[in-house]
>>> print(open('my_file_25.cif').read())   # mmCIF, N, CA and C atoms
data_target
#
loop_
_atom_site.label_atom_id
_atom_site.label_comp_id
_atom_site.auth_asym_id
_atom_site.auth_seq_id
_atom_site.Cartn_x
_atom_site.Cartn_y
_atom_site.Cartn_z
N MET H 1469 5.76 17.34 -10.69
CA MET H 1469 6.07 15.97 -10.31
C MET H 1469 5.24 15.51 -9.14
N SER H 1470 4.81 16.41 -8.25
CA SER H 1470 4.09 15.99 -7.06
C SER H 1470 2.77 15.29 -7.39
N GLY H 1471 2.22 15.52 -8.56
CA GLY H 1471 0.98 14.86 -8.93
C GLY H 1471 1.18 13.44 -9.42
N VAL H 1472 2.42 13.02 -9.59
CA VAL H 1472 2.71 11.68 -10.12
C VAL H 1472 2.41 10.61 -9.08
N LEU H 1473 2.87 10.82 -7.86
CA LEU H 1473 2.65 9.83 -6.80
C LEU H 1473 1.31 10.12 -6.12
N PRO H 1474 0.51 9.08 -5.91
CA PRO H 1474 -0.78 9.32 -5.26
C PRO H 1474 -0.59 9.71 -3.80
N THR H 1475 -1.54 10.47 -3.30
CA THR H 1475 -1.55 10.81 -1.88
C THR H 1475 -2.07 9.61 -1.09
N ALA H 1476 -1.86 9.65 0.22
CA ALA H 1476 -2.39 8.58 1.07
C ALA H 1476 -3.92 8.49 0.98
N PRO H 1477 -4.66 9.62 1.00
CA PRO H 1477 -6.12 9.50 0.83
C PRO H 1477 -6.52 8.86 -0.50
N GLN H 1478 -5.78 9.13 -1.56
CA GLN H 1478 -6.07 8.49 -2.84
C GLN H 1478 -5.84 6.98 -2.75
N LEU H 1479 -4.79 6.56 -2.05
CA LEU H 1479 -4.55 5.12 -1.87
C LEU H 1479 -5.68 4.49 -1.07
N LEU H 1480 -6.11 5.14 0.01
CA LEU H 1480 -7.19 4.59 0.82
C LEU H 1480 -8.47 4.46 0.01
N CYS H 1481 -8.75 5.44 -0.85
CA CYS H 1481 -9.92 5.35 -1.73
C CYS H 1481 -9.77 4.18 -2.70
N ALA H 1482 -8.56 3.98 -3.20
CA ALA H 1482 -8.31 2.87 -4.12
C ALA H 1482 -8.51 1.53 -3.41
N PHE H 1483 -8.01 1.42 -2.17
CA PHE H 1483 -8.21 0.18 -1.41
C PHE H 1483 -9.71 -0.11 -1.27
N GLN H 1484 -10.48 0.93 -1.06
CA GLN H 1484 -11.91 0.79 -0.87
C GLN H 1484 -12.65 0.50 -2.16
N GLY H 1485 -12.01 0.80 -3.29
CA GLY H 1485 -12.65 0.54 -4.58
C GLY H 1485 -13.23 1.78 -5.22
N ARG H 1486 -12.82 2.93 -4.74
CA ARG H 1486 -13.33 4.17 -5.32
C ARG H 1486 -12.21 4.91 -6.04
N ARG H 1487 -12.51 5.43 -7.19
CA ARG H 1487 -11.63 6.31 -7.97
C ARG H 1487 -10.21 5.78 -8.12
N PHE H 1488 -10.09 4.63 -8.74
CA PHE H 1488 -8.75 4.09 -8.93
C PHE H 1488 -8.47 3.71 -10.38
N GLN H 1489 -9.47 3.71 -11.23
CA GLN H 1489 -9.31 3.17 -12.59
C GLN H 1489 -8.38 4.00 -13.46
N ASP H 1490 -8.25 5.29 -13.18
CA ASP H 1490 -7.52 6.16 -14.10
C ASP H 1490 -6.01 6.17 -13.89
N ARG H 1491 -5.51 5.52 -12.84
CA ARG H 1491 -4.07 5.55 -12.59
C ARG H 1491 -3.56 4.14 -12.31
N GLU H 1492 -2.49 3.80 -13.00
CA GLU H 1492 -1.93 2.45 -12.91
C GLU H 1492 -1.57 2.05 -11.48
N LEU H 1493 -0.90 2.94 -10.75
CA LEU H 1493 -0.50 2.60 -9.39
C LEU H 1493 -1.72 2.37 -8.51
N LEU H 1494 -2.77 3.16 -8.69
CA LEU H 1494 -3.97 3.00 -7.87
C LEU H 1494 -4.71 1.71 -8.23
N ARG H 1495 -4.67 1.31 -9.48
CA ARG H 1495 -5.27 0.02 -9.86
C ARG H 1495 -4.54 -1.12 -9.16
N SER H 1496 -3.22 -1.04 -9.13
CA SER H 1496 -2.43 -2.07 -8.44
C SER H 1496 -2.72 -2.06 -6.94
N ALA H 1497 -2.87 -0.88 -6.35
CA ALA H 1497 -3.18 -0.77 -4.92
C ALA H 1497 -4.53 -1.42 -4.62
N HIS H 1498 -5.51 -1.17 -5.46
CA HIS H 1498 -6.83 -1.78 -5.28
C HIS H 1498 -6.73 -3.30 -5.37
N ALA H 1499 -5.99 -3.79 -6.34
CA ALA H 1499 -5.82 -5.24 -6.50
C ALA H 1499 -5.12 -5.84 -5.28
N LEU H 1500 -4.15 -5.13 -4.71
CA LEU H 1500 -3.48 -5.63 -3.50
C LEU H 1500 -4.47 -5.75 -2.34
N ALA H 1501 -5.33 -4.76 -2.16
CA ALA H 1501 -6.32 -4.83 -1.08
C ALA H 1501 -7.27 -6.01 -1.31
N GLU H 1502 -7.70 -6.21 -2.54
CA GLU H 1502 -8.57 -7.36 -2.83
C GLU H 1502 -7.87 -8.68 -2.51
N LEU H 1503 -6.60 -8.77 -2.85
CA LEU H 1503 -5.84 -10.00 -2.58
C LEU H 1503 -5.69 -10.23 -1.07
N HIS H 1504 -5.45 -9.18 -0.31
CA HIS H 1504 -5.34 -9.33 1.14
C HIS H 1504 -6.67 -9.77 1.74
N GLU H 1505 -7.78 -9.23 1.23
CA GLU H 1505 -9.10 -9.65 1.71
C GLU H 1505 -9.32 -11.13 1.42
N ARG H 1506 -8.95 -11.53 0.22
CA ARG H 1506 -9.12 -12.94 -0.18
C ARG H 1506 -8.22 -13.85 0.64
N ARG H 1507 -6.98 -13.40 0.85
CA ARG H 1507 -6.00 -14.20 1.60
C ARG H 1507 -6.49 -14.47 3.02
N ALA H 1508 -7.16 -13.48 3.61
CA ALA H 1508 -7.65 -13.63 4.98
C ALA H 1508 -8.74 -14.68 5.10
N GLN H 1509 -9.38 -15.02 3.98
CA GLN H 1509 -10.48 -15.98 3.99
C GLN H 1509 -10.06 -17.39 3.59
N VAL H 1510 -8.85 -17.51 3.07
CA VAL H 1510 -8.39 -18.77 2.50
C VAL H 1510 -7.58 -19.56 3.52
N ARG H 1511 -7.74 -20.86 3.52
CA ARG H 1511 -6.96 -21.73 4.41
C ARG H 1511 -6.04 -22.68 3.63
N ASP H 1512 -6.25 -22.79 2.34
CA ASP H 1512 -5.46 -23.70 1.49
C ASP H 1512 -4.08 -23.09 1.22
N ALA H 1513 -3.03 -23.81 1.61
CA ALA H 1513 -1.66 -23.31 1.49
C ALA H 1513 -1.28 -23.01 0.04
N ALA H 1514 -1.72 -23.84 -0.89
CA ALA H 1514 -1.39 -23.61 -2.30
C ALA H 1514 -2.05 -22.32 -2.81
N LEU H 1515 -3.27 -22.08 -2.40
CA LEU H 1515 -3.97 -20.87 -2.82
C LEU H 1515 -3.35 -19.63 -2.17
N ILE H 1516 -2.94 -19.76 -0.93
CA ILE H 1516 -2.25 -18.65 -0.25
C ILE H 1516 -0.95 -18.32 -0.99
N ALA H 1517 -0.21 -19.36 -1.38
CA ALA H 1517 1.03 -19.14 -2.13
C ALA H 1517 0.76 -18.46 -3.46
N GLU H 1518 -0.32 -18.85 -4.12
CA GLU H 1518 -0.71 -18.23 -5.39
C GLU H 1518 -1.05 -16.75 -5.19
N ILE H 1519 -1.80 -16.47 -4.13
CA ILE H 1519 -2.16 -15.08 -3.83
C ILE H 1519 -0.90 -14.26 -3.53
N ASP H 1520 0.00 -14.83 -2.73
CA ASP H 1520 1.23 -14.11 -2.40
C ASP H 1520 2.11 -13.89 -3.63
N CYS H 1521 2.11 -14.84 -4.53
CA CYS H 1521 2.86 -14.68 -5.78
C CYS H 1521 2.29 -13.51 -6.59
N ARG H 1522 0.97 -13.44 -6.68
CA ARG H 1522 0.32 -12.34 -7.40
C ARG H 1522 0.59 -11.00 -6.71
N ARG H 1523 0.59 -11.00 -5.38
CA ARG H 1523 0.93 -9.78 -4.65
C ARG H 1523 2.34 -9.34 -5.00
N GLY H 1524 3.26 -10.29 -5.05
CA GLY H 1524 4.64 -9.97 -5.43
C GLY H 1524 4.73 -9.35 -6.81
N GLU H 1525 3.93 -9.87 -7.73
CA GLU H 1525 3.91 -9.31 -9.09
C GLU H 1525 3.39 -7.88 -9.08
N LEU H 1526 2.35 -7.62 -8.28
CA LEU H 1526 1.80 -6.26 -8.21
C LEU H 1526 2.80 -5.30 -7.56
N VAL H 1527 3.50 -5.76 -6.52
CA VAL H 1527 4.53 -4.94 -5.90
C VAL H 1527 5.61 -4.61 -6.93
N ASP H 1528 6.03 -5.60 -7.71
CA ASP H 1528 7.01 -5.36 -8.78
C ASP H 1528 6.47 -4.38 -9.82
N ASP H 1529 5.19 -4.50 -10.17
CA ASP H 1529 4.58 -3.57 -11.13
C ASP H 1529 4.65 -2.14 -10.61
N ILE H 1530 4.33 -1.96 -9.33
CA ILE H 1530 4.40 -0.61 -8.74
C ILE H 1530 5.84 -0.11 -8.77
N ASN H 1531 6.78 -0.96 -8.40
CA ASN H 1531 8.19 -0.56 -8.39
C ASN H 1531 8.69 -0.23 -9.79
N ASP H 1532 8.29 -1.01 -10.77
CA ASP H 1532 8.67 -0.72 -12.16
C ASP H 1532 8.09 0.60 -12.63
N TRP H 1533 6.85 0.87 -12.24
CA TRP H 1533 6.20 2.12 -12.60
C TRP H 1533 6.94 3.30 -11.99
N ILE H 1534 7.34 3.15 -10.72
CA ILE H 1534 8.06 4.22 -10.03
C ILE H 1534 9.38 4.52 -10.74
N VAL H 1535 10.11 3.47 -11.12
CA VAL H 1535 11.39 3.66 -11.81
C VAL H 1535 11.18 4.43 -13.11
N ALA H 1536 10.08 4.13 -13.81
CA ALA H 1536 9.81 4.81 -15.09
C ALA H 1536 9.33 6.25 -14.90
N GLU H 1537 8.64 6.53 -13.79
CA GLU H 1537 8.01 7.84 -13.62
C GLU H 1537 8.79 8.83 -12.76
N ILE H 1538 9.58 8.34 -11.83
CA ILE H 1538 10.27 9.21 -10.88
C ILE H 1538 11.76 9.18 -11.16
N PRO H 1539 12.33 10.33 -11.49
CA PRO H 1539 13.78 10.35 -11.70
C PRO H 1539 14.53 10.06 -10.40
N VAL H 1540 15.61 9.30 -10.51
CA VAL H 1540 16.40 8.94 -9.35
C VAL H 1540 17.27 10.13 -8.96
N ASN H 1541 17.19 10.51 -7.70
CA ASN H 1541 18.00 11.60 -7.17
C ASN H 1541 18.98 11.01 -6.17
N ARG H 1542 20.22 10.89 -6.58
CA ARG H 1542 21.22 10.27 -5.71
C ARG H 1542 22.01 11.28 -4.89
N ALA H 1543 22.06 12.51 -5.31
CA ALA H 1543 22.90 13.51 -4.65
C ALA H 1543 22.32 13.88 -3.29
N GLY H 1544 22.88 13.29 -2.25
CA GLY H 1544 22.48 13.63 -0.90
C GLY H 1544 21.18 13.01 -0.43
N ALA H 1545 20.52 12.21 -1.26
CA ALA H 1545 19.25 11.60 -0.87
C ALA H 1545 19.53 10.31 -0.11
N SER H 1546 18.94 10.17 1.07
CA SER H 1546 19.12 8.94 1.83
C SER H 1546 18.24 7.84 1.24
N LEU H 1547 18.70 6.62 1.40
CA LEU H 1547 18.01 5.47 0.84
C LEU H 1547 16.93 4.98 1.81
N HIS H 1548 15.72 4.83 1.30
CA HIS H 1548 14.63 4.26 2.10
C HIS H 1548 14.84 2.75 2.19
N THR H 1549 14.35 2.14 3.26
CA THR H 1549 14.63 0.72 3.50
C THR H 1549 13.81 -0.24 2.66
N GLU H 1550 12.68 0.21 2.13
CA GLU H 1550 11.86 -0.69 1.32
C GLU H 1550 11.28 0.05 0.13
N SER H 1551 10.87 -0.72 -0.85
CA SER H 1551 10.33 -0.14 -2.07
C SER H 1551 8.95 0.46 -1.83
N LEU H 1552 8.52 1.33 -2.72
CA LEU H 1552 7.19 1.91 -2.60
C LEU H 1552 6.12 0.83 -2.77
N GLY H 1553 6.38 -0.14 -3.62
CA GLY H 1553 5.44 -1.25 -3.79
C GLY H 1553 5.23 -2.00 -2.49
N ALA H 1554 6.31 -2.24 -1.75
CA ALA H 1554 6.21 -2.94 -0.46
C ALA H 1554 5.44 -2.10 0.55
N VAL H 1555 5.64 -0.78 0.52
CA VAL H 1555 4.92 0.12 1.43
C VAL H 1555 3.42 0.06 1.12
N VAL H 1556 3.07 0.13 -0.16
CA VAL H 1556 1.66 0.10 -0.55
C VAL H 1556 1.04 -1.25 -0.17
N ASP H 1557 1.78 -2.33 -0.33
CA ASP H 1557 1.29 -3.65 0.06
C ASP H 1557 1.01 -3.71 1.56
N ARG H 1558 1.92 -3.17 2.38
CA ARG H 1558 1.70 -3.16 3.83
C ARG H 1558 0.50 -2.30 4.20
N MET H 1559 0.33 -1.18 3.51
CA MET H 1559 -0.83 -0.33 3.77
C MET H 1559 -2.12 -1.05 3.39
N ALA H 1560 -2.11 -1.76 2.28
CA ALA H 1560 -3.31 -2.50 1.85
C ALA H 1560 -3.67 -3.56 2.89
N ARG H 1561 -2.67 -4.27 3.38
CA ARG H 1561 -2.94 -5.29 4.40
C ARG H 1561 -3.49 -4.65 5.67
N SER H 1562 -2.89 -3.55 6.08
CA SER H 1562 -3.34 -2.87 7.29
C SER H 1562 -4.77 -2.35 7.13
N TRP H 1563 -5.10 -1.84 5.95
CA TRP H 1563 -6.46 -1.36 5.67
C TRP H 1563 -7.46 -2.52 5.80
N VAL H 1564 -7.12 -3.66 5.22
CA VAL H 1564 -7.99 -4.84 5.30
C VAL H 1564 -8.13 -5.28 6.76
N ASP H 1565 -7.01 -5.35 7.48
CA ASP H 1565 -7.05 -5.77 8.89
C ASP H 1565 -7.93 -4.83 9.72
N ALA H 1566 -7.81 -3.53 9.48
CA ALA H 1566 -8.59 -2.55 10.24
C ALA H 1566 -10.09 -2.71 9.97
N ASN H 1567 -10.43 -2.92 8.73
CA ASN H 1567 -11.84 -3.10 8.39
C ASN H 1567 -12.39 -4.42 8.93
N GLN H 1568 -11.59 -5.46 8.90
CA GLN H 1568 -12.02 -6.74 9.45
C GLN H 1568 -12.18 -6.65 10.97
N ALA H 1569 -11.35 -5.86 11.62
CA ALA H 1569 -11.47 -5.69 13.07
C ALA H 1569 -12.81 -5.07 13.44
N ILE H 1570 -13.26 -4.11 12.63
CA ILE H 1570 -14.58 -3.52 12.87
C ILE H 1570 -15.66 -4.59 12.76
N ASP H 1571 -15.56 -5.41 11.72
CA ASP H 1571 -16.56 -6.46 11.50
C ASP H 1571 -16.55 -7.50 12.63
N LEU H 1572 -15.37 -7.86 13.10
CA LEU H 1572 -15.25 -8.91 14.11
C LEU H 1572 -15.47 -8.42 15.54
N ASP H 1573 -14.91 -7.25 15.85
CA ASP H 1573 -14.87 -6.80 17.24
C ASP H 1573 -15.71 -5.56 17.52
N GLY H 1574 -16.23 -4.94 16.48
CA GLY H 1574 -17.00 -3.72 16.67
C GLY H 1574 -16.11 -2.48 16.60
N ALA H 1575 -16.73 -1.36 16.33
CA ALA H 1575 -15.99 -0.12 16.10
C ALA H 1575 -15.29 0.41 17.35
N ARG H 1576 -15.76 0.06 18.52
CA ARG H 1576 -15.22 0.65 19.76
C ARG H 1576 -14.24 -0.25 20.50
N SER H 1577 -13.90 -1.38 19.94
CA SER H 1577 -13.02 -2.31 20.65
C SER H 1577 -11.57 -1.83 20.64
N ASP H 1578 -10.81 -2.31 21.61
CA ASP H 1578 -9.38 -2.00 21.67
C ASP H 1578 -8.65 -2.55 20.45
N SER H 1579 -9.04 -3.73 20.00
CA SER H 1579 -8.42 -4.34 18.83
C SER H 1579 -8.64 -3.48 17.59
N THR H 1580 -9.87 -3.01 17.42
CA THR H 1580 -10.16 -2.17 16.26
C THR H 1580 -9.36 -0.88 16.34
N HIS H 1581 -9.30 -0.27 17.51
CA HIS H 1581 -8.52 0.95 17.69
C HIS H 1581 -7.05 0.71 17.33
N LYS H 1582 -6.51 -0.41 17.80
CA LYS H 1582 -5.11 -0.75 17.51
C LYS H 1582 -4.86 -0.86 16.01
N HIS H 1583 -5.77 -1.52 15.30
CA HIS H 1583 -5.60 -1.69 13.86
C HIS H 1583 -5.70 -0.35 13.12
N TRP H 1584 -6.66 0.48 13.49
CA TRP H 1584 -6.80 1.78 12.82
C TRP H 1584 -5.65 2.71 13.16
N TYR H 1585 -5.14 2.62 14.38
CA TYR H 1585 -3.98 3.43 14.77
C TYR H 1585 -2.76 3.02 13.94
N HIS H 1586 -2.58 1.72 13.76
CA HIS H 1586 -1.46 1.22 12.94
C HIS H 1586 -1.59 1.72 11.50
N LEU H 1587 -2.80 1.67 10.94
CA LEU H 1587 -3.01 2.18 9.59
C LEU H 1587 -2.69 3.67 9.53
N ALA H 1588 -3.10 4.42 10.54
CA ALA H 1588 -2.80 5.86 10.56
C ALA H 1588 -1.30 6.11 10.58
N GLU H 1589 -0.56 5.30 11.32
CA GLU H 1589 0.90 5.44 11.34
C GLU H 1589 1.49 5.16 9.95
N LEU H 1590 0.98 4.15 9.27
CA LEU H 1590 1.46 3.84 7.93
C LEU H 1590 1.12 4.97 6.95
N VAL H 1591 -0.07 5.55 7.09
CA VAL H 1591 -0.47 6.68 6.25
C VAL H 1591 0.50 7.85 6.46
N ASP H 1592 0.81 8.16 7.72
CA ASP H 1592 1.76 9.23 8.01
C ASP H 1592 3.13 8.93 7.41
N GLY H 1593 3.59 7.69 7.56
CA GLY H 1593 4.88 7.30 7.01
C GLY H 1593 4.91 7.40 5.50
N TYR H 1594 3.82 6.96 4.85
CA TYR H 1594 3.73 7.04 3.40
C TYR H 1594 3.78 8.51 2.96
N THR H 1595 3.03 9.36 3.64
CA THR H 1595 3.00 10.78 3.28
C THR H 1595 4.39 11.40 3.42
N ASP H 1596 5.08 11.09 4.51
CA ASP H 1596 6.45 11.59 4.69
C ASP H 1596 7.37 11.07 3.60
N LEU H 1597 7.25 9.80 3.28
CA LEU H 1597 8.11 9.20 2.26
C LEU H 1597 7.89 9.87 0.90
N VAL H 1598 6.64 10.02 0.49
CA VAL H 1598 6.35 10.65 -0.80
C VAL H 1598 6.87 12.09 -0.83
N THR H 1599 6.67 12.81 0.26
CA THR H 1599 7.17 14.20 0.35
C THR H 1599 8.68 14.22 0.20
N ASP H 1600 9.37 13.30 0.87
CA ASP H 1600 10.83 13.26 0.79
C ASP H 1600 11.33 12.82 -0.58
N VAL H 1601 10.65 11.87 -1.22
CA VAL H 1601 11.05 11.42 -2.57
C VAL H 1601 10.88 12.57 -3.56
N ILE H 1602 9.74 13.23 -3.50
CA ILE H 1602 9.49 14.34 -4.42
C ILE H 1602 10.46 15.48 -4.16
N GLY H 1603 10.79 15.70 -2.89
CA GLY H 1603 11.72 16.77 -2.54
C GLY H 1603 13.18 16.42 -2.74
N GLY H 1604 13.47 15.20 -3.16
CA GLY H 1604 14.85 14.79 -3.41
C GLY H 1604 15.66 14.46 -2.17
N ARG H 1605 14.99 14.35 -1.03
CA ARG H 1605 15.69 14.03 0.22
C ARG H 1605 15.81 12.53 0.48
N ARG H 1606 15.02 11.76 -0.22
CA ARG H 1606 15.03 10.32 -0.03
C ARG H 1606 14.91 9.66 -1.40
N ARG H 1607 15.56 8.53 -1.53
CA ARG H 1607 15.43 7.75 -2.76
C ARG H 1607 14.95 6.36 -2.42
N LEU H 1608 14.29 5.76 -3.37
CA LEU H 1608 13.75 4.41 -3.18
C LEU H 1608 14.76 3.38 -3.67
N PRO H 1609 14.79 2.20 -3.06
CA PRO H 1609 15.74 1.18 -3.48
C PRO H 1609 15.44 0.71 -4.90
N GLU H 1610 16.49 0.38 -5.62
CA GLU H 1610 16.32 -0.16 -6.96
C GLU H 1610 15.92 -1.61 -6.85
N GLN H 1611 15.07 -2.03 -7.76
CA GLN H 1611 14.57 -3.41 -7.72
C GLN H 1611 15.33 -4.27 -8.69
#
>>> encode(input="my_file_25.cif", output="structure tokens")
Amino acid sequence: MSGVLPTAPQLLCAFQGRRFQDRELLRSAHALAELHERRAQVRDAALIAEIDCRRGELVDDINDWIVAEIPVNRAGASLHTESLGAVVDRMARSWVDANQAIDLDGARSDSTHKHWYHLAELVDGYTDLVTDVIGGRRRLPEQ
């Protein structure tokens, strides 16, 4: 079962556009990163709403995939506060923000460091979450 959920490095590769075509969840993760990149460039409220709607659909797709692939373990498993799709969406946004900070402020700026540190925290949280879900210690909310 541990091979079912992608690792954090696999997600980061998918955000970047590398090695994501063979797995549905990684394709959705890549699409989320592309949407966050596009959203950061758009100023039109209607287009932003359209992008956010598509992001919501991709989050739902990830959550539906999880329900189909991961058996629910209710016995003693604590409930996580957000869905895996929402976690992946936050990671995609953080990845985009961190890369944009490099472009805007340079690799050595405090802002860039802050963004990459935040992404690292999300990566650690995702890794812990996946480990706990696979180990039956945590369950994801039903959608």
>>> closest_residue(input="my_file_25.cif", among="H:Met1559, H:Arg1486, H:Ile1570, H:Glu1610", to="H:Val1591", atoms="all atoms listed in the file")
H:Met1559
>>> select_by_dssp(input="my_file_25.cif", residues="chain H", states="alpha helix (DSSP H)", output="number ranges by chain")
H: 1476-1484, 1492-1509, 1513-1537, 1552-1573, 1578-1602
>>> closest_residue(input="my_file_25.cif", among="H:Ala1536, H:Val1601, H:Leu1500, H:Leu1608", to="H:Cys1521", atoms="only C-alpha atoms")
H:Leu1500
>>> resolve_selection(input="my_file_25.cif", expression="the PyMOL selection byres ((chain H and resi 1530) around 8)", output="list in words")
Glu1492, Leu1493, Ser1496, Ala1497, Gly1524, Glu1525, Leu1526, Val1527, Asp1528, Asp1529, Asn1531, Asp1532, Trp1533, Ile1534, Val1535, Ala1536, Ser1551, Leu1552, Gly1553 and Ala1554 of chain H
>>> closest_residue(input="my_file_25.cif", among="H:Val1540, H:Leu1590, H:Leu1494, H:Val1564", to="H:Arg1606", atoms="all atoms listed in the file")
H:Val1540
>>> atom_distance(input="my_file_25.cif", atom1="atom C of H:Leu1479", atom2="atom N of H:Pro1539")
21.6 Å
>>> resolve_selection(input="my_file_25.cif", expression="the PyMOL selection byres (((chain H and resi 1476 and name CA) around 9) and name CA)", output="JSON, numbers by chain")
{"H": [1474, 1475, 1477, 1478, 1479, 1480, 1481, 1591, 1592, 1594, 1595]}
>>> write_last_selection(input="my_file_25.cif", atoms="N, CA and C atoms", output="PDB file, in the frame of the given file")
ATOM      1  N   PRO H1474       0.510   9.080  -5.910  1.00  0.00           N
ATOM      2  CA  PRO H1474      -0.780   9.320  -5.260  1.00  0.00           C
ATOM      3  C   PRO H1474      -0.590   9.710  -3.800  1.00  0.00           C
ATOM      4  N   THR H1475      -1.540  10.470  -3.300  1.00  0.00           N
ATOM      5  CA  THR H1475      -1.550  10.810  -1.880  1.00  0.00           C
ATOM      6  C   THR H1475      -2.070   9.610  -1.090  1.00  0.00           C
ATOM      7  N   PRO H1477      -4.660   9.620   1.000  1.00  0.00           N
ATOM      8  CA  PRO H1477      -6.120   9.500   0.830  1.00  0.00           C
ATOM      9  C   PRO H1477      -6.520   8.860  -0.500  1.00  0.00           C
ATOM     10  N   GLN H1478      -5.780   9.130  -1.560  1.00  0.00           N
ATOM     11  CA  GLN H1478      -6.070   8.490  -2.840  1.00  0.00           C
ATOM     12  C   GLN H1478      -5.840   6.980  -2.750  1.00  0.00           C
ATOM     13  N   LEU H1479      -4.790   6.560  -2.050  1.00  0.00           N
ATOM     14  CA  LEU H1479      -4.550   5.120  -1.870  1.00  0.00           C
ATOM     15  C   LEU H1479      -5.680   4.490  -1.070  1.00  0.00           C
ATOM     16  N   LEU H1480      -6.110   5.140   0.010  1.00  0.00           N
ATOM     17  CA  LEU H1480      -7.190   4.590   0.820  1.00  0.00           C
ATOM     18  C   LEU H1480      -8.470   4.460   0.010  1.00  0.00           C
ATOM     19  N   CYS H1481      -8.750   5.440  -0.850  1.00  0.00           N
ATOM     20  CA  CYS H1481      -9.920   5.350  -1.730  1.00  0.00           C
ATOM     21  C   CYS H1481      -9.770   4.180  -2.700  1.00  0.00           C
ATOM     22  N   VAL H1591      -0.070   5.550   7.090  1.00  0.00           N
ATOM     23  CA  VAL H1591      -0.470   6.680   6.250  1.00  0.00           C
ATOM     24  C   VAL H1591       0.500   7.850   6.460  1.00  0.00           C
ATOM     25  N   ASP H1592       0.810   8.160   7.720  1.00  0.00           N
ATOM     26  CA  ASP H1592       1.760   9.230   8.010  1.00  0.00           C
ATOM     27  C   ASP H1592       3.130   8.930   7.410  1.00  0.00           C
ATOM     28  N   TYR H1594       3.820   6.960   4.850  1.00  0.00           N
ATOM     29  CA  TYR H1594       3.730   7.040   3.400  1.00  0.00           C
ATOM     30  C   TYR H1594       3.780   8.510   2.960  1.00  0.00           C
ATOM     31  N   THR H1595       3.030   9.360   3.640  1.00  0.00           N
ATOM     32  CA  THR H1595       3.000  10.780   3.280  1.00  0.00           C
ATOM     33  C   THR H1595       4.390  11.400   3.420  1.00  0.00           C
TER      34      THR H1595
END
>>> closest_residue(input="my_file_25.cif", among="H:His1504, H:Arg1607, H:Arg1576, H:Arg1511", to="H:Ser1562", atoms="all atoms listed in the file")
H:His1504
>>> atom_distance(input="my_file_25.cif", atom1="atom CA of H:Ala1543", atom2="atom CA of H:Gly1603")
11.8 Å
>>> closest_residue(input="my_file_25.cif", among="H:Val1598, H:Val1472, H:Ala1514, H:Ala1482", to="H:Ala1499", atoms="all atoms listed in the file")
H:Ala1482
>>> resolve_selection(input="my_file_25.cif", expression="the PyMOL selection byres (((chain H and resi 1584 and name CA) around 12) and name CA)", output="ChimeraX atom specification")
/H:1559,1561-1570,1575-1583,1585-1591
>>> select_by_dssp(input="my_file_25.cif", residues="chain H", states="strand (DSSP E)", output="list in words")
Ser1546, Leu1547, Arg1606 and Arg1607 of chain H
>>> atom_distance(input="my_file_25.cif", atom1="atom CA of H:Gly1544", atom2="atom CA of H:Ile1602")
13.5 Å
